[in-house]
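> To be precise about what I am sending: the file is called input.cif and holds mmCIF, C-alpha atoms and all ligand atoms.
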```cif
data_my_file
#
loop_
_atom_site.label_atom_id
_atom_site.label_comp_id
_atom_site.auth_asym_id
_atom_site.auth_seq_id
_atom_site.Cartn_x
_atom_site.Cartn_y
_atom_site.Cartn_z
CA MET A 30 1.96 -4.09 25.16
CA THR A 31 3.45 -1.74 22.57
CA LEU A 32 1.25 -0.14 19.92
CA SER A 33 2.17 1.51 16.60
CA SER A 34 0.11 2.61 13.64
CA ALA A 35 1.02 3.31 10.02
CA PRO A 36 -0.96 4.88 7.18
CA GLY A 37 -2.16 3.46 3.88
CA LYS A 38 -1.46 5.31 0.63
CA VAL A 39 -2.72 6.15 -2.81
CA TYR A 40 -0.58 6.33 -5.91
CA LEU A 41 -0.91 9.79 -7.40
CA PHE A 42 1.26 8.51 -10.25
CA GLY A 43 3.50 5.72 -11.42
CA GLU A 44 2.31 2.28 -10.22
CA HIS A 45 3.47 -0.61 -12.44
CA ALA A 46 6.01 1.60 -14.24
CA VAL A 47 7.92 1.81 -10.93
CA VAL A 48 8.63 -1.92 -11.27
CA TYR A 49 10.75 -1.06 -14.36
CA GLY A 50 12.75 1.73 -12.76
CA GLU A 51 10.46 4.66 -13.57
CA PRO A 52 9.65 7.03 -10.70
CA ALA A 53 6.38 6.81 -8.77
CA VAL A 54 4.66 9.26 -6.42
CA PRO A 55 2.55 7.67 -3.70
CA CYS A 56 0.95 9.74 -0.98
CA ALA A 57 0.05 8.60 2.55
CA ILE A 58 -3.59 8.92 3.61
CA GLU A 59 -5.29 9.08 7.00
CA ARG A 60 -6.45 5.46 6.99
CA ARG A 61 -4.35 3.37 9.31
CA ALA A 62 -3.38 -0.08 10.44
CA ARG A 63 -2.74 -0.38 14.19
CA VAL A 64 -0.60 -3.20 15.51
CA GLY A 65 -0.20 -4.02 19.19
CA VAL A 66 2.44 -6.50 20.35
CA GLN A 67 3.39 -8.15 23.58
CA ARG A 68 6.52 -10.20 24.08
CA ARG A 69 6.20 -13.99 24.65
CA ASP A 70 9.09 -15.97 25.95
CA ASP A 71 7.95 -19.33 24.51
CA GLY A 72 8.92 -18.25 20.97
CA LYS A 73 5.36 -18.56 19.62
CA LEU A 74 3.47 -16.06 17.52
CA ARG A 75 -0.17 -15.54 18.32
CA VAL A 76 -1.97 -13.25 15.88
CA HIS A 77 -5.39 -11.77 16.43
CA SER A 78 -6.93 -9.68 13.69
CA LYS A 79 -10.19 -7.78 13.94
CA ASP A 80 -10.63 -5.86 10.72
CA LEU A 81 -8.44 -7.38 8.06
CA SER A 82 -11.52 -8.78 6.31
CA LEU A 83 -10.33 -12.03 7.81
CA ASN A 84 -13.44 -12.00 9.96
CA GLY A 85 -11.84 -11.71 13.33
CA PHE A 86 -9.66 -14.76 13.11
CA THR A 87 -7.39 -15.70 15.94
CA VAL A 88 -4.62 -18.14 15.31
CA GLU A 89 -1.96 -19.66 17.43
CA TYR A 90 0.90 -21.39 15.78
CA ASP A 91 4.52 -22.26 16.27
CA GLY A 92 5.96 -19.76 13.84
CA SER A 93 6.03 -21.74 10.60
CA THR A 94 3.45 -21.12 7.88
CA SER A 95 3.72 -24.77 6.74
CA ASN A 96 2.54 -25.92 10.15
CA GLY A 97 -0.61 -23.87 9.70
CA PRO A 98 -3.41 -23.14 12.14
CA ASP A 99 -6.61 -25.14 12.02
CA ILE A 100 -9.33 -22.56 11.40
CA ASP A 101 -12.07 -21.99 8.94
CA VAL A 102 -10.87 -19.27 6.58
CA SER A 103 -9.30 -19.67 3.18
CA GLU A 104 -5.76 -21.05 3.15
CA SER A 105 -4.50 -18.34 0.84
CA LEU A 106 -5.77 -15.53 3.05
CA ILE A 107 -4.21 -17.10 6.11
CA SER A 108 -0.90 -17.77 4.50
CA ALA A 109 -0.85 -14.26 3.02
CA ALA A 110 -1.63 -12.61 6.37
CA MET A 111 0.61 -14.93 8.35
CA GLY A 112 3.36 -14.59 5.77
CA TYR A 113 3.50 -10.83 6.29
CA VAL A 114 3.47 -11.09 10.07
CA ASP A 115 5.93 -13.99 10.07
CA HIS A 116 8.48 -12.22 7.88
CA ALA A 117 8.00 -8.95 9.75
CA ILE A 118 8.82 -10.75 13.00
CA GLU A 119 11.91 -12.28 11.35
CA GLN A 120 13.08 -8.72 10.63
CA VAL A 121 12.41 -7.82 14.26
CA ARG A 122 14.46 -10.78 15.51
CA ASP A 123 17.27 -9.79 13.17
CA ALA A 124 17.19 -6.10 14.16
CA THR A 125 17.20 -6.87 17.89
CA ASP A 126 19.38 -10.03 17.97
CA GLU A 127 16.61 -11.80 19.85
CA ASP A 128 16.41 -14.95 17.72
CA GLU A 129 13.99 -16.90 19.86
CA VAL A 130 11.51 -14.23 20.92
CA GLY A 131 7.76 -14.66 20.25
CA PHE A 132 4.85 -12.23 20.36
CA ASP A 133 1.14 -11.80 20.82
CA VAL A 134 0.16 -9.58 17.89
CA THR A 135 -3.16 -7.74 17.53
CA ILE A 136 -3.97 -6.12 14.20
CA GLU A 137 -6.72 -3.60 13.50
CA SER A 138 -6.96 -1.86 10.17
CA ASP A 139 -9.31 0.51 8.42
CA ILE A 140 -7.56 -0.02 5.08
CA PRO A 141 -9.30 -2.47 2.74
CA LEU A 142 -7.08 -5.48 1.93
CA GLY A 143 -5.46 -5.80 -1.49
CA ALA A 144 -7.37 -2.82 -2.88
CA GLY A 145 -4.47 -0.55 -3.84
CA LEU A 146 -4.32 1.37 -0.56
CA GLY A 147 -1.19 -0.28 0.82
CA SER A 148 -2.78 -2.34 3.59
CA SER A 149 -0.01 -4.90 3.82
CA ALA A 150 2.73 -2.25 3.91
CA ALA A 151 0.92 -0.43 6.72
CA VAL A 152 0.56 -3.64 8.76
CA VAL A 153 4.20 -4.58 8.20
CA VAL A 154 5.55 -1.10 9.08
CA ALA A 155 3.42 -0.89 12.24
CA ALA A 156 4.27 -4.48 13.26
CA ILE A 157 8.04 -4.05 12.89
CA ASP A 158 7.95 -0.72 14.70
CA ALA A 159 5.83 -1.98 17.61
CA ALA A 160 7.70 -5.27 18.04
CA THR A 161 11.19 -3.71 17.98
CA ARG A 162 10.07 -1.07 20.49
CA GLU A 163 8.56 -3.84 22.66
CA LEU A 164 12.14 -5.17 22.86
CA GLY A 165 13.57 -1.75 23.67
CA VAL A 166 14.88 -0.85 20.18
CA THR A 167 13.52 2.16 18.27
CA LEU A 168 14.43 2.00 14.57
CA GLU A 169 15.19 5.09 12.51
CA THR A 170 12.52 5.64 9.85
CA ASP A 171 14.89 4.67 7.01
CA GLU A 172 15.76 1.35 8.62
CA LEU A 173 12.11 0.70 9.42
CA ALA A 174 11.19 1.36 5.76
CA GLU A 175 14.04 -0.87 4.54
CA ARG A 176 13.07 -3.78 6.82
CA ALA A 177 9.41 -3.40 5.84
CA TYR A 178 10.45 -3.46 2.17
CA ARG A 179 12.48 -6.64 2.71
CA THR A 180 9.44 -8.22 4.34
CA GLU A 181 7.21 -7.42 1.35
CA TYR A 182 9.93 -8.47 -1.08
CA GLN A 183 10.15 -11.90 0.55
CA VAL A 184 6.41 -12.47 0.88
CA GLN A 185 5.72 -11.25 -2.67
CA ASP A 186 8.52 -13.31 -4.27
CA GLY A 187 10.56 -10.32 -5.27
CA GLN A 188 7.64 -8.43 -6.80
CA ALA A 189 7.70 -5.38 -4.58
CA SER A 190 8.89 -1.83 -5.01
CA ARG A 191 9.92 0.37 -2.10
CA ALA A 192 7.01 2.73 -2.75
CA ASP A 193 4.37 1.38 -0.34
CA THR A 194 6.63 0.69 2.60
CA PHE A 195 8.64 3.93 2.36
CA CYS A 196 5.46 5.99 2.04
CA SER A 197 3.82 4.24 4.98
CA ALA A 198 6.90 4.65 7.20
CA THR A 199 7.57 8.33 6.41
CA GLY A 200 4.08 9.69 5.59
CA GLY A 201 3.34 12.60 3.22
CA ALA A 202 3.93 12.45 -0.53
CA VAL A 203 7.08 10.63 -1.58
CA ARG A 204 9.03 9.91 -4.74
CA VAL A 205 10.47 6.47 -5.32
CA GLU A 206 12.76 5.57 -8.21
CA GLY A 207 14.53 2.25 -7.77
CA GLU A 208 16.38 2.44 -4.47
CA ASP A 209 16.13 6.22 -4.29
CA CYS A 210 13.30 7.23 -1.93
CA ARG A 211 12.63 10.79 -0.82
CA SER A 212 9.89 12.98 0.62
CA LEU A 213 8.19 15.63 -1.52
CA ASP A 214 6.51 18.86 -0.50
CA ALA A 215 2.82 18.54 -1.28
CA PRO A 216 -0.14 20.87 -0.94
CA ASP A 217 -3.22 19.71 0.94
CA LEU A 218 -4.80 17.50 -1.70
CA PRO A 219 -8.60 17.10 -2.01
CA ILE A 220 -8.42 13.29 -2.23
CA VAL A 221 -11.57 11.24 -2.79
CA ILE A 222 -11.47 7.45 -2.93
CA GLY A 223 -13.93 5.04 -4.51
CA PHE A 224 -13.77 1.35 -3.60
CA ASP A 225 -15.53 -1.38 -5.61
CA GLY A 226 -15.35 -3.88 -2.73
CA GLY A 227 -12.93 -6.10 -4.61
CA ALA A 228 -9.24 -6.71 -4.91
CA GLY A 229 -6.83 -7.33 -7.75
CA ASP A 230 -4.20 -10.06 -7.92
CA THR A 231 -1.02 -7.98 -7.84
CA GLY A 232 1.25 -10.84 -8.96
CA LYS A 233 -0.90 -11.62 -12.01
CA LEU A 234 -1.32 -7.97 -12.96
CA VAL A 235 2.42 -7.28 -12.70
CA ALA A 236 3.10 -10.41 -14.79
CA GLY A 237 0.56 -9.24 -17.39
CA VAL A 238 2.36 -5.93 -17.83
CA ARG A 239 5.71 -7.75 -18.03
CA ASP A 240 4.39 -10.01 -20.83
CA LEU A 241 2.97 -7.07 -22.79
CA ARG A 242 6.23 -5.21 -22.41
CA ASN A 243 8.17 -8.20 -23.70
CA GLU A 244 5.83 -8.68 -26.64
CA TYR A 245 5.32 -5.13 -27.88
CA ASP A 246 7.71 -2.21 -28.07
CA PHE A 247 4.75 0.13 -27.78
CA ALA A 248 3.89 -1.43 -24.40
CA ALA A 249 7.45 -0.71 -23.25
CA ASP A 250 6.96 2.84 -24.61
CA THR A 251 3.73 3.08 -22.62
CA VAL A 252 5.62 2.22 -19.42
CA GLU A 253 8.17 4.93 -20.28
CA ALA A 254 5.35 7.38 -21.01
CA ILE A 255 4.05 6.78 -17.49
CA GLY A 256 7.50 7.82 -16.26
CA ASP A 257 7.13 11.09 -18.23
CA VAL A 258 3.70 11.68 -16.70
CA VAL A 259 5.19 11.16 -13.23
CA ARG A 260 7.98 13.71 -13.87
CA ASN A 261 5.38 16.26 -14.98
CA GLY A 262 3.29 15.33 -11.96
CA GLU A 263 6.17 16.12 -9.63
CA ASP A 264 6.31 19.68 -11.04
CA ALA A 265 2.55 20.08 -10.69
CA LEU A 266 2.77 18.89 -7.08
CA ALA A 267 5.60 21.30 -6.31
CA ASN A 268 3.54 24.16 -7.83
CA GLY A 269 0.38 23.11 -5.97
CA ASP A 270 -1.38 23.02 -9.36
CA ILE A 271 -4.38 20.78 -8.66
CA ASP A 272 -5.84 21.20 -12.18
CA GLU A 273 -2.63 20.01 -13.80
CA LEU A 274 -2.32 17.16 -11.28
CA GLY A 275 -5.83 16.06 -12.22
CA ARG A 276 -5.12 16.17 -15.97
CA LEU A 277 -1.99 14.10 -15.48
CA MET A 278 -3.86 11.59 -13.30
CA ASP A 279 -6.40 11.19 -16.13
CA PHE A 280 -3.54 10.57 -18.55
CA ASN A 281 -1.91 8.10 -16.19
CA HIS A 282 -5.18 6.16 -15.91
CA GLY A 283 -5.43 5.95 -19.69
CA LEU A 284 -1.92 4.50 -19.95
CA LEU A 285 -2.61 1.98 -17.16
CA SER A 286 -5.79 1.02 -18.95
CA ALA A 287 -3.82 0.46 -22.14
CA LEU A 288 -1.57 -1.89 -20.18
CA GLY A 289 -4.62 -3.93 -19.22
CA VAL A 290 -4.68 -3.32 -15.48
CA SER A 291 -7.95 -1.42 -15.17
CA SER A 292 -11.36 -3.09 -14.92
CA ARG A 293 -14.94 -2.25 -15.75
CA SER A 294 -15.71 -1.22 -12.15
CA LEU A 295 -12.57 0.92 -11.89
CA ASP A 296 -13.33 2.60 -15.24
CA THR A 297 -16.94 3.17 -14.16
CA MET A 298 -15.82 4.88 -10.95
CA VAL A 299 -13.20 6.94 -12.80
CA TRP A 300 -15.85 8.19 -15.24
CA ALA A 301 -18.36 8.85 -12.46
CA ALA A 302 -15.74 11.02 -10.75
CA ARG A 303 -14.91 12.88 -13.97
CA ASP A 304 -18.59 13.43 -14.77
CA ALA A 305 -19.07 14.84 -11.27
CA GLY A 306 -16.38 17.45 -11.96
CA ALA A 307 -13.31 15.86 -10.38
CA ARG A 308 -10.08 17.52 -11.52
CA GLY A 309 -8.83 14.04 -12.42
CA ALA A 310 -9.24 10.38 -11.50
CA LYS A 311 -7.26 7.16 -11.85
CA LEU A 312 -7.00 3.70 -10.43
CA THR A 313 -4.53 3.32 -7.57
CA GLY A 314 -2.20 0.39 -6.98
CA ALA A 315 -2.06 -2.83 -8.92
CA GLY A 316 -5.57 -2.43 -10.41
CA GLY A 317 -7.85 -5.23 -11.61
CA GLY A 318 -10.35 -4.07 -8.93
CA GLY A 319 -10.12 -2.18 -5.67
CA CYS A 320 -9.84 1.59 -5.47
CA ILE A 321 -9.69 4.73 -7.57
CA VAL A 322 -8.34 8.07 -6.41
CA ALA A 323 -9.85 11.36 -7.57
CA LEU A 324 -9.15 15.00 -6.75
CA ASP A 325 -12.15 17.19 -5.98
CA PRO A 326 -12.36 20.02 -3.45
CA THR A 327 -16.18 19.97 -3.71
CA PRO A 328 -18.44 17.23 -2.28
CA GLU A 329 -19.66 16.30 -5.80
CA THR A 330 -17.36 13.37 -6.55
CA GLU A 331 -17.93 11.66 -3.22
CA THR A 332 -21.69 12.02 -3.65
CA ALA A 333 -21.62 10.80 -7.25
CA LEU A 334 -19.48 7.79 -6.34
CA SER A 335 -21.77 6.86 -3.48
CA PHE A 336 -24.60 6.54 -6.03
CA THR A 337 -22.51 4.73 -8.64
CA PRO A 338 -23.46 1.07 -9.12
CA GLY A 339 -20.43 -1.06 -8.34
CA CYS A 340 -18.93 1.49 -5.96
CA GLU A 341 -19.22 -0.03 -2.50
CA ASP A 342 -17.65 2.77 -0.51
CA ALA A 343 -16.71 6.38 -1.26
CA PHE A 344 -14.82 8.54 1.17
CA ARG A 345 -12.59 11.54 1.48
CA ALA A 346 -9.06 10.89 2.73
CA GLU A 347 -6.76 13.53 4.16
CA LEU A 348 -3.14 13.37 3.19
CA SER A 349 -1.32 11.95 6.23
CA GLU A 350 1.76 14.02 7.03
CA LYS A 351 2.64 11.50 9.67
CA GLY A 352 4.00 8.07 8.79
CA VAL A 353 4.50 5.56 11.55
CA ALA A 354 2.96 6.72 14.83
CA ARG A 355 4.14 5.45 18.20
CA LEU A 356 1.07 5.18 20.38
CA GLU A 357 2.10 3.31 23.56
O1 LIG B 401 -1.80 -2.63 -5.10
P1 LIG B 401 -0.62 -2.16 -4.34
O2 LIG B 401 -0.89 -1.05 -3.40
O3 LIG B 401 0.13 -3.30 -3.68
O4 LIG B 401 0.40 -1.54 -5.40
C1 LIG B 401 1.07 -2.32 -6.37
C2 LIG B 401 1.94 -1.40 -7.15
C3 LIG B 401 2.75 -2.06 -8.25
O5 LIG B 401 3.50 -1.02 -8.87
C4 LIG B 401 1.85 -2.68 -9.29
C5 LIG B 401 3.70 -3.11 -7.72
C6 LIG B 401 4.78 -2.54 -6.82
O6 LIG B 401 5.23 -3.28 -5.93
O7 LIG B 401 5.21 -1.41 -7.03
#
```
So, in terms of structure tokens, how does the structure I just supplied come out?


Amino acid sequence: MTLSSAPGKVYLFGEHAVVYGEPAVPCAIERRARVGVQRRDDGKLRVHSKDLSLNGFTVEYDGSTSNGPDIDVSESLISAAMGYVDHAIEQVRDATDEDEVGFDVTIESDIPLGAGLGSSAAVVVAAIDAATRELGVTLETDELAERAYRTEYQVQDGQASRADTFCSATGGAVRVEGEDCRSLDAPDLPIVIGFDGGAGDTGKLVAGVRDLRNEYDFAADTVEAIGDVVRNGEDALANGDIDELGRLMDFNHGLLSALGVSSRSLDTMVWAARDAGARGAKLTGAGGGGCIVALDPTPETETALSFTPGCEDAFRAELSEKGVARLE
């Protein structure tokens, strides 16, 4: 059995605009997915998941998502989860030249699914790392990030940036602009997260922004303005200026809202955080529902969020300096 973990992330700045070549700055957080794998010589994949909000499903199948397992959870959840694992294992077979190898895979995660905290990227990074090591191959972080990106790209029909997977593989705060991915120096950030218990449909939200951008020049300008916010945000991060970071996060949320990717519950949590004295607050990830990220060194925002109707969970999250972690 080989075990790896990888962190989730928040976007400090730049989601959606990153799809159009603007820079984005995600930041890894100490909430992890852990993936354990054991080699099987019969070529099958057996996946057991405890905490993926898939209610502890165990499936055994022959490696093709069309020949699906017979269990009682929604088709789309199964094919989404199996799609990620399946394509991750394809990358492992390719990286190790072991075309026929199978695995028992166990997934545990404390990152809510589809909520803007990079759960799928964390699972994919940890799975590729653990399964390649199980076969005696340790990938460099860049190759791990690249293979995890290819996995997401395939499962998400080409709608994936490198941001989630690079951030999860390397840890810390990173800057992603097209194919250019690099680590940034970041101060210890007082990150607070609010979660509305829901999830957005990333594909639909990305398509919505694309349509707006095609229809209105000012929507295209809004996407470019997000790029400007990100560039200012990089300076604020380098200077450790938490007040300026917060102001820019507020601005970024407003622009995302204008692009139609916020929601009532996300806006409610953002305002609860601001009212509680957060330096700034914005949605994180695709939007539509899921999580907000706020900066507040005091306990006020977490307390306020925990009393905010529609906020199901509020917690503090340390920045995770470490990306993928090799546990066994
Ligand atoms: O919700 P998440 O964590 O999958 O983030 C999506 C971010 C987008 O910019 C909307 C899409 C992408 O792949 O960059």

> Report the closest atom pair, with its distance in Å rounded to one decimal, for each residue of chain A that has an atom no farther than 9 Å from ligand LIG 401 (chain B); count all atoms listed in the file, sort by chain and then rising residue number, and write it as a Markdown table.


```
| residue | atom | partner | partner_atom | distance |
| --- | --- | --- | --- | --- |
| A:Gly37 | CA | B:LIG401 | O2 | 8.7 |
| A:Lys38 | CA | B:LIG401 | O2 | 7.6 |
| A:Val39 | CA | B:LIG401 | O2 | 7.5 |
| A:Tyr40 | CA | B:LIG401 | O2 | 7.8 |
| A:Gly43 | CA | B:LIG401 | O5 | 7.2 |
| A:Glu44 | CA | B:LIG401 | O5 | 3.8 |
| A:His45 | CA | B:LIG401 | O5 | 3.6 |
| A:Ala46 | CA | B:LIG401 | O5 | 6.5 |
| A:Val47 | CA | B:LIG401 | O5 | 5.6 |
| A:Val48 | CA | B:LIG401 | O7 | 5.5 |
| A:Ala53 | CA | B:LIG401 | O5 | 8.3 |
| A:Gly143 | CA | B:LIG401 | O1 | 6.0 |
| A:Ala144 | CA | B:LIG401 | O1 | 6.0 |
| A:Gly145 | CA | B:LIG401 | O1 | 3.6 |
| A:Leu146 | CA | B:LIG401 | O2 | 5.1 |
| A:Gly147 | CA | B:LIG401 | O2 | 4.3 |
| A:Ser148 | CA | B:LIG401 | O2 | 7.4 |
| A:Ser149 | CA | B:LIG401 | O3 | 7.7 |
| A:Ala150 | CA | B:LIG401 | O3 | 8.1 |
| A:Glu181 | CA | B:LIG401 | O6 | 8.6 |
| A:Tyr182 | CA | B:LIG401 | O6 | 8.5 |
| A:Gln185 | CA | B:LIG401 | O6 | 8.6 |
| A:Gly187 | CA | B:LIG401 | O6 | 8.9 |
| A:Gln188 | CA | B:LIG401 | O6 | 5.8 |
| A:Ala189 | CA | B:LIG401 | O6 | 3.5 |
| A:Ser190 | CA | B:LIG401 | O6 | 4.0 |
| A:Arg191 | CA | B:LIG401 | O7 | 7.0 |
| A:Ala192 | CA | B:LIG401 | O7 | 6.2 |
| A:Asp193 | CA | B:LIG401 | O2 | 6.6 |
| A:Ala228 | CA | B:LIG401 | O1 | 8.5 |
| A:Gly229 | CA | B:LIG401 | O1 | 7.4 |
| A:Asp230 | CA | B:LIG401 | O1 | 8.3 |
| A:Thr231 | CA | B:LIG401 | O1 | 6.1 |
| A:Gly232 | CA | B:LIG401 | C4 | 8.2 |
| A:Leu234 | CA | B:LIG401 | C4 | 7.2 |
| A:Val235 | CA | B:LIG401 | C4 | 5.8 |
| A:Thr313 | CA | B:LIG401 | O1 | 7.0 |
| A:Gly314 | CA | B:LIG401 | O1 | 3.6 |
| A:Ala315 | CA | B:LIG401 | O1 | 3.8 |
| A:Gly316 | CA | B:LIG401 | O1 | 6.5 |
| A:Gly319 | CA | B:LIG401 | O1 | 8.4 |
```

> How far is it from CA of Arg293 (chain A) to CA of Glu59 (chain A), in Å with one decimal?

27.2 Å

> Would you please work out which residue, of A:Gly131, A:Gly262, A:Gly237, A:Pro328, is nearest to Gly72 (chain A) when using all atoms listed in the file?

A:Gly131

> How far is it from CA of Val121 (chain A) to CA of Thr161 (chain A), in Å with one decimal?

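Answer for the CA of Val121 (chain A) to CA of Thr161 (chain A) separation: 5.7 Å.
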
> Leaving out Arg68 (chain A) and any residue of its chain fewer than 5 positions from it, which residues lie within 12 Å of it when counting all atoms listed in the file, given as a list of chain:residue names?

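Once the nearby chain positions are removed, what remains is A:Met30, A:Thr31, A:Lys73, A:Leu74, A:Arg75, A:Ile118, A:Val121, A:Arg122, A:Glu127, A:Glu129, A:Val130, A:Gly131, A:Phe132, A:Asp133, A:Val134, A:Thr135, A:Ala159, A:Ala160, A:Thr161, A:Arg162, A:Glu163, A:Leu164, A:Gly165.
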
> Which value, in Å to one decimal, gives the distance between CA of Ile321 (chain A) and CA of Ser78 (chain A)?

25.8 Å

> Write out as a Markdown table a residue-level contact list of region 268-335 of chain A versus region 203-222 of chain A with cut-off 7 Å: for each qualifying residue the closest pair of atoms and the distance in Å to one decimal, counting only C-alpha atoms, rows sorted by chain and residue number upward.


```
| residue | atom | partner | partner_atom | distance |
| --- | --- | --- | --- | --- |
| A:Gly269 | CA | A:Pro216 | CA | 5.5 |
| A:Cys320 | CA | A:Ile222 | CA | 6.6 |
| A:Ile321 | CA | A:Ile222 | CA | 5.7 |
| A:Val322 | CA | A:Ile222 | CA | 4.7 |
| A:Ala323 | CA | A:Val221 | CA | 5.1 |
| A:Leu324 | CA | A:Ile220 | CA | 4.9 |
| A:Asp325 | CA | A:Pro219 | CA | 5.3 |
| A:Pro326 | CA | A:Pro219 | CA | 5.0 |
| A:Glu331 | CA | A:Val221 | CA | 6.4 |
```

> If we count all atoms listed in the file, what is near Leu277 (chain A) at a cut-off of 8 Å, once residues fewer than 6 positions away on the same chain are taken out, given as a PDB file with C-alpha atoms, keeping the file's coordinate frame?


```
ATOM      1  CA  VAL A 258       3.700  11.680 -16.700  1.00  0.00           C
ATOM      2  CA  ASN A 261       5.380  16.260 -14.980  1.00  0.00           C
ATOM      3  CA  GLY A 262       3.290  15.330 -11.960  1.00  0.00           C
ATOM      4  CA  GLY A 309      -8.830  14.040 -12.420  1.00  0.00           C
TER       5      GLY A 309
END
```

> List every protein, DNA or RNA residue that has at least one atom no more than 12 Å from (-3.6, 9.6, -19.6) in the file's coordinates, counting all atoms listed in the file, and write the result as a count of residues only.

31

> Take the point (1.6, 11.9, -4.7) in the file's coordinates, draw a sphere of radius 6 Å around it, and report as a tab-separated table (two decimals) with C-alpha atoms, in the coordinates of the input every protein, DNA or RNA residue with an atom inside or on it, counting only C-alpha atoms.


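Below is the file part-v8.tsv, written as the result:
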```tsv
chain	number	residue	atom	x	y	z
A	41	LEU	CA	-0.91	9.79	-7.40
A	54	VAL	CA	4.66	9.26	-6.42
A	55	PRO	CA	2.55	7.67	-3.70
A	56	CYS	CA	0.95	9.74	-0.98
A	202	ALA	CA	3.93	12.45	-0.53
```

> Which residues are close to region 62-64 of chain A, i.e. within 6 Å by only C-alpha atoms, leaving aside same-chain residues fewer than 5 positions away? Reply as number ranges by chain.

A: 32-35, 135-138, 151-152, 155-156

> How would the residues just chosen look if you wrote them out with C-alpha atoms as a CSV table (one decimal), in the coordinates of the input?


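Just written: part-v9.csv:
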```csv
chain,number,residue,atom,x,y,z
A,32,LEU,CA,1.2,-0.1,19.9
A,33,SER,CA,2.2,1.5,16.6
A,34,SER,CA,0.1,2.6,13.6
A,35,ALA,CA,1.0,3.3,10.0
A,135,THR,CA,-3.2,-7.7,17.5
A,136,ILE,CA,-4.0,-6.1,14.2
A,137,GLU,CA,-6.7,-3.6,13.5
A,138,SER,CA,-7.0,-1.9,10.2
A,151,ALA,CA,0.9,-0.4,6.7
A,152,VAL,CA,0.6,-3.6,8.8
A,155,ALA,CA,3.4,-0.9,12.2
A,156,ALA,CA,4.3,-4.5,13.3
```

> Pull region 137-148 of chain A out of the block and emit C-alpha atoms, as a short mmCIF file (atom, residue, chain, number, x, y, z; two decimals), in the first residue's frame.


```cif
data_model
loop_
_atom_site.label_atom_id
_atom_site.label_comp_id
_atom_site.auth_asym_id
_atom_site.auth_seq_id
_atom_site.Cartn_x
_atom_site.Cartn_y
_atom_site.Cartn_z
CA GLU A 137 -10.40 9.98 1.95
CA SER A 138 -10.89 13.70 1.68
CA ASP A 139 -11.74 16.58 3.96
CA ILE A 140 -12.30 18.92 1.02
CA PRO A 141 -15.95 19.43 0.07
CA LEU A 142 -16.67 18.26 -3.50
CA GLY A 143 -17.23 20.79 -6.27
CA ALA A 144 -17.25 23.72 -3.85
CA GLY A 145 -14.33 25.74 -5.21
CA LEU A 146 -11.67 24.21 -2.97
CA GLY A 147 -10.01 22.03 -5.60
CA SER A 148 -11.17 18.63 -4.37
#
```
